[in-house]
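Asker: So that we are looking at the same thing, I have put the structure below in structure tokens.
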Amino acid sequence: MDDIDRKIVALLRTDARRSFQDIGTHVSLSAPAVKRRVDRLQADGVIRSYAAVIDPAAMGWHTHAVVALYCEGRMNGTEVRDAIEPIPEVESAYTVAGEASAILHVRAEDTQHLEEALERIRDTPGVRRTHTQVVLSALFERPVA
């Protein structure tokens with residue numbers, strides 16, 4: 001990846017529906033040259049997919065929490081993912097170094113819905129306990145560019 005590729009990716013991160021012509025005006029390339037680069041970035045796995053970024057609050061999900069997940073024994077990452085992935089309120093999950101087995105981002109409609117989701121997480125086989133911090137506000141969220 002060179003600087004032009006990085007600029008193309010940054011432009012697509014802000015608006016994935018941007019035309020190749022528009023991108024080309026920002027990086028001083030023709031639309032076909034931008035298309036070739038985008039195709040290569042996709043083939044190389046740099047661009048994995050295109051998606052609409054949805055405001056969770058607009059969908060009724062006003063509560064957000066960061067949950068430290070503590071598992072019994074030696075559950076590996078695949079086992080943790082398989083156990084947690086079916087819970088729709090879990091937006092993302094990460095294995096981490098330290099005491100916790102994983103960190104989860106959980107979204108819910110309200111605190112009652114969050115409590116219900118946490119109960120389902122804690123009822124998952126292999127989960128010993130959770131430690132939850134409710135997010136009061138997002139200061140910023142930075143996309144990779």
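If you're wondering about the labels, chains in the structure tokens are A, B, ... by order shown, residues count from 1 in each chain, ligands from 1 in order shown.
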Write out as a short mmCIF file (atom, residue, chain, number, x, y, z; two decimals) with C-alpha atoms, in the first residue's frame which residues come within 12 Å of stretch 136-138 of chain A when counting only C-alpha atoms, dropping same-chain ones fewer than 3 positions away.

Answerer:
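And here is the file that came out, result07.cif:
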```
data_model
loop_
_atom_site.label_atom_id
_atom_site.label_comp_id
_atom_site.auth_asym_id
_atom_site.auth_seq_id
_atom_site.Cartn_x
_atom_site.Cartn_y
_atom_site.Cartn_z
CA ALA A 57 -29.69 5.13 18.90
CA HIS A 62 -29.67 3.72 23.52
CA THR A 63 -27.59 1.81 26.08
CA HIS A 64 -23.99 0.73 25.51
CA ALA A 65 -21.75 -1.21 27.87
CA VAL A 66 -18.22 -2.59 27.93
CA THR A 111 -30.92 -0.77 31.16
CA GLN A 133 -19.18 -0.69 32.74
CA GLU A 141 -14.99 6.96 17.68
CA ARG A 142 -12.16 6.99 15.18
#
```

Asker: So that I can check the surroundings of A:Glu99, please list as a PyMOL selection string every protein, DNA and RNA residue that reaches within 10 Å of it, counting only C-alpha atoms and ignoring chain neighbours fewer than 4 positions away.

Answerer: chain A and resi 68-71

Asker: Neighbours of stretch 13-22 of chain A within 7 Å (only C-alpha atoms; same-chain residues fewer than 5 positions away dropped), as an mmCIF file with C-alpha atoms, in the first residue's frame?

Answerer:
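In the end it all went to selection27.cif:
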```cif
data_model
loop_
_atom_site.group_PDB
_atom_site.id
_atom_site.type_symbol
_atom_site.label_atom_id
_atom_site.label_comp_id
_atom_site.auth_asym_id
_atom_site.auth_seq_id
_atom_site.Cartn_x
_atom_site.Cartn_y
_atom_site.Cartn_z
ATOM 1 C CA SER A 30 -8.411 8.788 -13.547
ATOM 2 C CA ALA A 31 -11.554 6.854 -12.597
ATOM 3 C CA VAL A 34 -8.858 4.315 -9.092
ATOM 4 C CA LYS A 35 -11.036 1.306 -9.976
ATOM 5 C CA TYR A 50 -18.807 -2.294 2.193
ATOM 6 C CA ALA A 145 -7.879 5.450 7.831
#
```

Asker: Extract the full set of strand (DSSP E or B) residues from chain A according to DSSP on the backbone, and format it as JSON, numbers by chain.

Answerer: {"A": [63, 64, 65, 66, 67, 68, 69, 70, 71, 90, 91, 92, 93, 94, 95, 102, 103, 104, 105, 106, 107, 108, 127, 128, 129, 130, 131, 132, 133, 134, 135]}

Asker: Write out, as a compact mmCIF listing (two decimals), in the first residue's frame, the residues just selected, with N, CA, C and O atoms.

Answerer:
```txt
# COMPACT_ATOMS: atom_id res chain seq x y z
N THR A 63 -28.50 2.18 24.99
CA THR A 63 -27.59 1.81 26.08
C THR A 63 -26.42 1.02 25.53
O THR A 63 -26.60 0.12 24.71
N HIS A 64 -25.22 1.37 25.98
CA HIS A 64 -23.99 0.73 25.51
C HIS A 64 -23.14 0.39 26.73
O HIS A 64 -23.01 1.20 27.63
N ALA A 65 -22.59 -0.80 26.74
CA ALA A 65 -21.75 -1.21 27.87
C ALA A 65 -20.51 -1.93 27.37
O ALA A 65 -20.51 -2.55 26.30
N VAL A 66 -19.45 -1.83 28.15
CA VAL A 66 -18.22 -2.59 27.93
C VAL A 66 -18.20 -3.64 29.02
O VAL A 66 -18.30 -3.32 30.21
N VAL A 67 -18.09 -4.91 28.62
CA VAL A 67 -18.21 -6.01 29.55
C VAL A 67 -16.94 -6.85 29.53
O VAL A 67 -16.55 -7.34 28.46
N ALA A 68 -16.32 -6.98 30.70
CA ALA A 68 -15.19 -7.91 30.83
C ALA A 68 -15.79 -9.28 31.11
O ALA A 68 -16.62 -9.45 32.00
N LEU A 69 -15.38 -10.26 30.32
CA LEU A 69 -15.91 -11.62 30.42
C LEU A 69 -14.84 -12.52 31.02
O LEU A 69 -13.70 -12.55 30.55
N TYR A 70 -15.20 -13.24 32.08
CA TYR A 70 -14.29 -14.16 32.75
C TYR A 70 -14.82 -15.58 32.56
O TYR A 70 -15.95 -15.87 32.93
N CYS A 71 -14.00 -16.43 31.96
CA CYS A 71 -14.42 -17.79 31.64
C CYS A 71 -13.74 -18.81 32.55
O CYS A 71 -12.67 -18.55 33.09
N VAL A 90 -24.52 -8.43 21.64
CA VAL A 90 -23.06 -8.32 21.63
C VAL A 90 -22.65 -7.79 20.25
O VAL A 90 -22.76 -8.49 19.25
N GLU A 91 -22.19 -6.56 20.24
CA GLU A 91 -21.80 -5.89 19.00
C GLU A 91 -20.43 -6.35 18.53
O GLU A 91 -20.19 -6.50 17.33
N SER A 92 -19.51 -6.57 19.47
CA SER A 92 -18.17 -7.04 19.14
C SER A 92 -17.57 -7.70 20.36
O SER A 92 -18.00 -7.47 21.49
N ALA A 93 -16.58 -8.55 20.10
CA ALA A 93 -15.91 -9.27 21.19
C ALA A 93 -14.44 -9.41 20.85
O ALA A 93 -14.09 -9.65 19.68
N TYR A 94 -13.59 -9.27 21.86
CA TYR A 94 -12.14 -9.32 21.66
C TYR A 94 -11.49 -10.15 22.75
O TYR A 94 -11.83 -9.99 23.93
N THR A 95 -10.57 -11.02 22.38
CA THR A 95 -9.75 -11.67 23.40
C THR A 95 -8.72 -10.63 23.85
O THR A 95 -8.31 -9.77 23.06
N ALA A 102 -12.11 -12.07 27.76
CA ALA A 102 -12.52 -11.29 26.60
C ALA A 102 -13.17 -9.99 27.04
O ALA A 102 -13.60 -9.86 28.20
N ILE A 103 -13.23 -9.05 26.12
CA ILE A 103 -13.95 -7.79 26.33
C ILE A 103 -15.06 -7.74 25.29
O ILE A 103 -14.83 -8.00 24.11
N LEU A 104 -16.27 -7.44 25.73
CA LEU A 104 -17.43 -7.36 24.85
C LEU A 104 -17.97 -5.94 24.80
O LEU A 104 -17.97 -5.24 25.81
N HIS A 105 -18.43 -5.53 23.63
CA HIS A 105 -19.21 -4.31 23.51
C HIS A 105 -20.65 -4.77 23.35
O HIS A 105 -20.96 -5.53 22.43
N VAL A 106 -21.50 -4.31 24.24
CA VAL A 106 -22.89 -4.75 24.26
C VAL A 106 -23.79 -3.53 24.10
O VAL A 106 -23.60 -2.52 24.76
N ARG A 107 -24.77 -3.64 23.22
CA ARG A 107 -25.75 -2.57 23.01
C ARG A 107 -27.13 -3.10 23.36
O ARG A 107 -27.44 -4.26 23.12
N ALA A 108 -27.95 -2.21 23.92
CA ALA A 108 -29.31 -2.60 24.32
C ALA A 108 -30.22 -1.39 24.21
O ALA A 108 -29.76 -0.25 24.12
N VAL A 127 -18.93 -19.49 31.07
CA VAL A 127 -18.76 -18.12 31.59
C VAL A 127 -18.88 -18.16 33.10
O VAL A 127 -19.87 -18.63 33.64
N ARG A 128 -17.85 -17.67 33.78
CA ARG A 128 -17.82 -17.66 35.24
C ARG A 128 -18.46 -16.40 35.79
O ARG A 128 -19.27 -16.44 36.70
N ARG A 129 -18.08 -15.24 35.22
CA ARG A 129 -18.66 -13.97 35.68
C ARG A 129 -18.39 -12.88 34.66
O ARG A 129 -17.61 -13.07 33.73
N THR A 130 -19.02 -11.73 34.88
CA THR A 130 -18.79 -10.56 34.04
C THR A 130 -18.54 -9.35 34.94
O THR A 130 -18.91 -9.34 36.11
N HIS A 131 -17.92 -8.35 34.36
CA HIS A 131 -17.74 -7.06 35.03
C HIS A 131 -18.14 -6.01 33.99
O HIS A 131 -17.51 -5.89 32.95
N THR A 132 -19.21 -5.27 34.29
CA THR A 132 -19.82 -4.38 33.31
C THR A 132 -19.60 -2.92 33.65
O THR A 132 -19.74 -2.51 34.81
N GLN A 133 -19.25 -2.14 32.62
CA GLN A 133 -19.18 -0.69 32.74
C GLN A 133 -20.11 -0.11 31.70
O GLN A 133 -19.95 -0.36 30.49
N VAL A 134 -21.11 0.64 32.15
CA VAL A 134 -22.07 1.26 31.24
C VAL A 134 -21.45 2.54 30.68
O VAL A 134 -20.91 3.36 31.43
N VAL A 135 -21.52 2.69 29.38
CA VAL A 135 -21.00 3.88 28.70
C VAL A 135 -22.00 5.01 28.87
O VAL A 135 -23.18 4.83 28.55
```

Asker: Which of these residues is nearest to A:Gly60, using only C-alpha atoms: A:Asp110, A:Arg6, A:Val96, A:Arg48?

Answerer: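 The answer is A:Asp110, which sits nearest to A:Gly60.
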
Asker: Can you work out the spacing between atom CA of A:Thr124 and atom CA of A:Ala83 in Å, to one decimal?

Answerer: 6.6 Å

Asker: Can you work out the spacing between atom CA of A:Glu119 and atom CA of A:Val80 in Å, to one decimal?

Answerer: 16.2 Å

Asker: Please, what distance in Å, to one decimal, runs between atom CA of A:Arg81 and atom CA of A:Gly126?

Answerer: 11.7 Å

Asker: Pick from A:Glu109, A:Asp82, A:Asp5, A:Glu72: nearest to A:Ile47, with only C-alpha atoms counted?

Answerer: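 The closest residue to A:Ile47 is A:Asp5.
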
Asker: Just list the residues in chain A DSSP gives helix (DSSP H, G or I) on the backbone, as a ChimeraX atom specification.

Answerer: /A:3-14,20-27,31-43,56-59,77-84,111-122

Asker: From the list A:Glu89, A:Ser28, A:Gly98, A:Glu79, which residue is nearest A:Glu115 when using only C-alpha atoms?

Answerer: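 Closest residue, counting only C-alpha atoms: A:Glu89.
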
Asker: May I have the residues within 8 Å of A:Val27 as a list in words, using only C-alpha atoms and disregarding those fewer than 6 positions away in the same chain?

Answerer: Ile4, Lys7 and Ile8 of chain A

Asker: Taking C-alpha atoms for each residue, export the selection above as a short mmCIF file (atom, residue, chain, number, x, y, z; two decimals), in the first residue's frame.

Answerer:
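Once written, part07.cif looks like this:
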```
data_model
loop_
_atom_site.label_atom_id
_atom_site.label_comp_id
_atom_site.auth_asym_id
_atom_site.auth_seq_id
_atom_site.Cartn_x
_atom_site.Cartn_y
_atom_site.Cartn_z
CA ILE A 4 -2.45 7.00 -2.75
CA LYS A 7 -5.99 8.18 0.66
CA ILE A 8 -8.40 6.04 -1.37
#
```

Asker: Which residue out of A:Pro88, A:Pro32, A:Gly77, A:Gly45 has the minimum interatomic distance to A:Ala117 when only C-alpha atoms are used?

Answerer: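 Checking each of A:Pro88, A:Pro32, A:Gly77, A:Gly45 against A:Ala117, counting only C-alpha atoms, the winner is A:Pro88.
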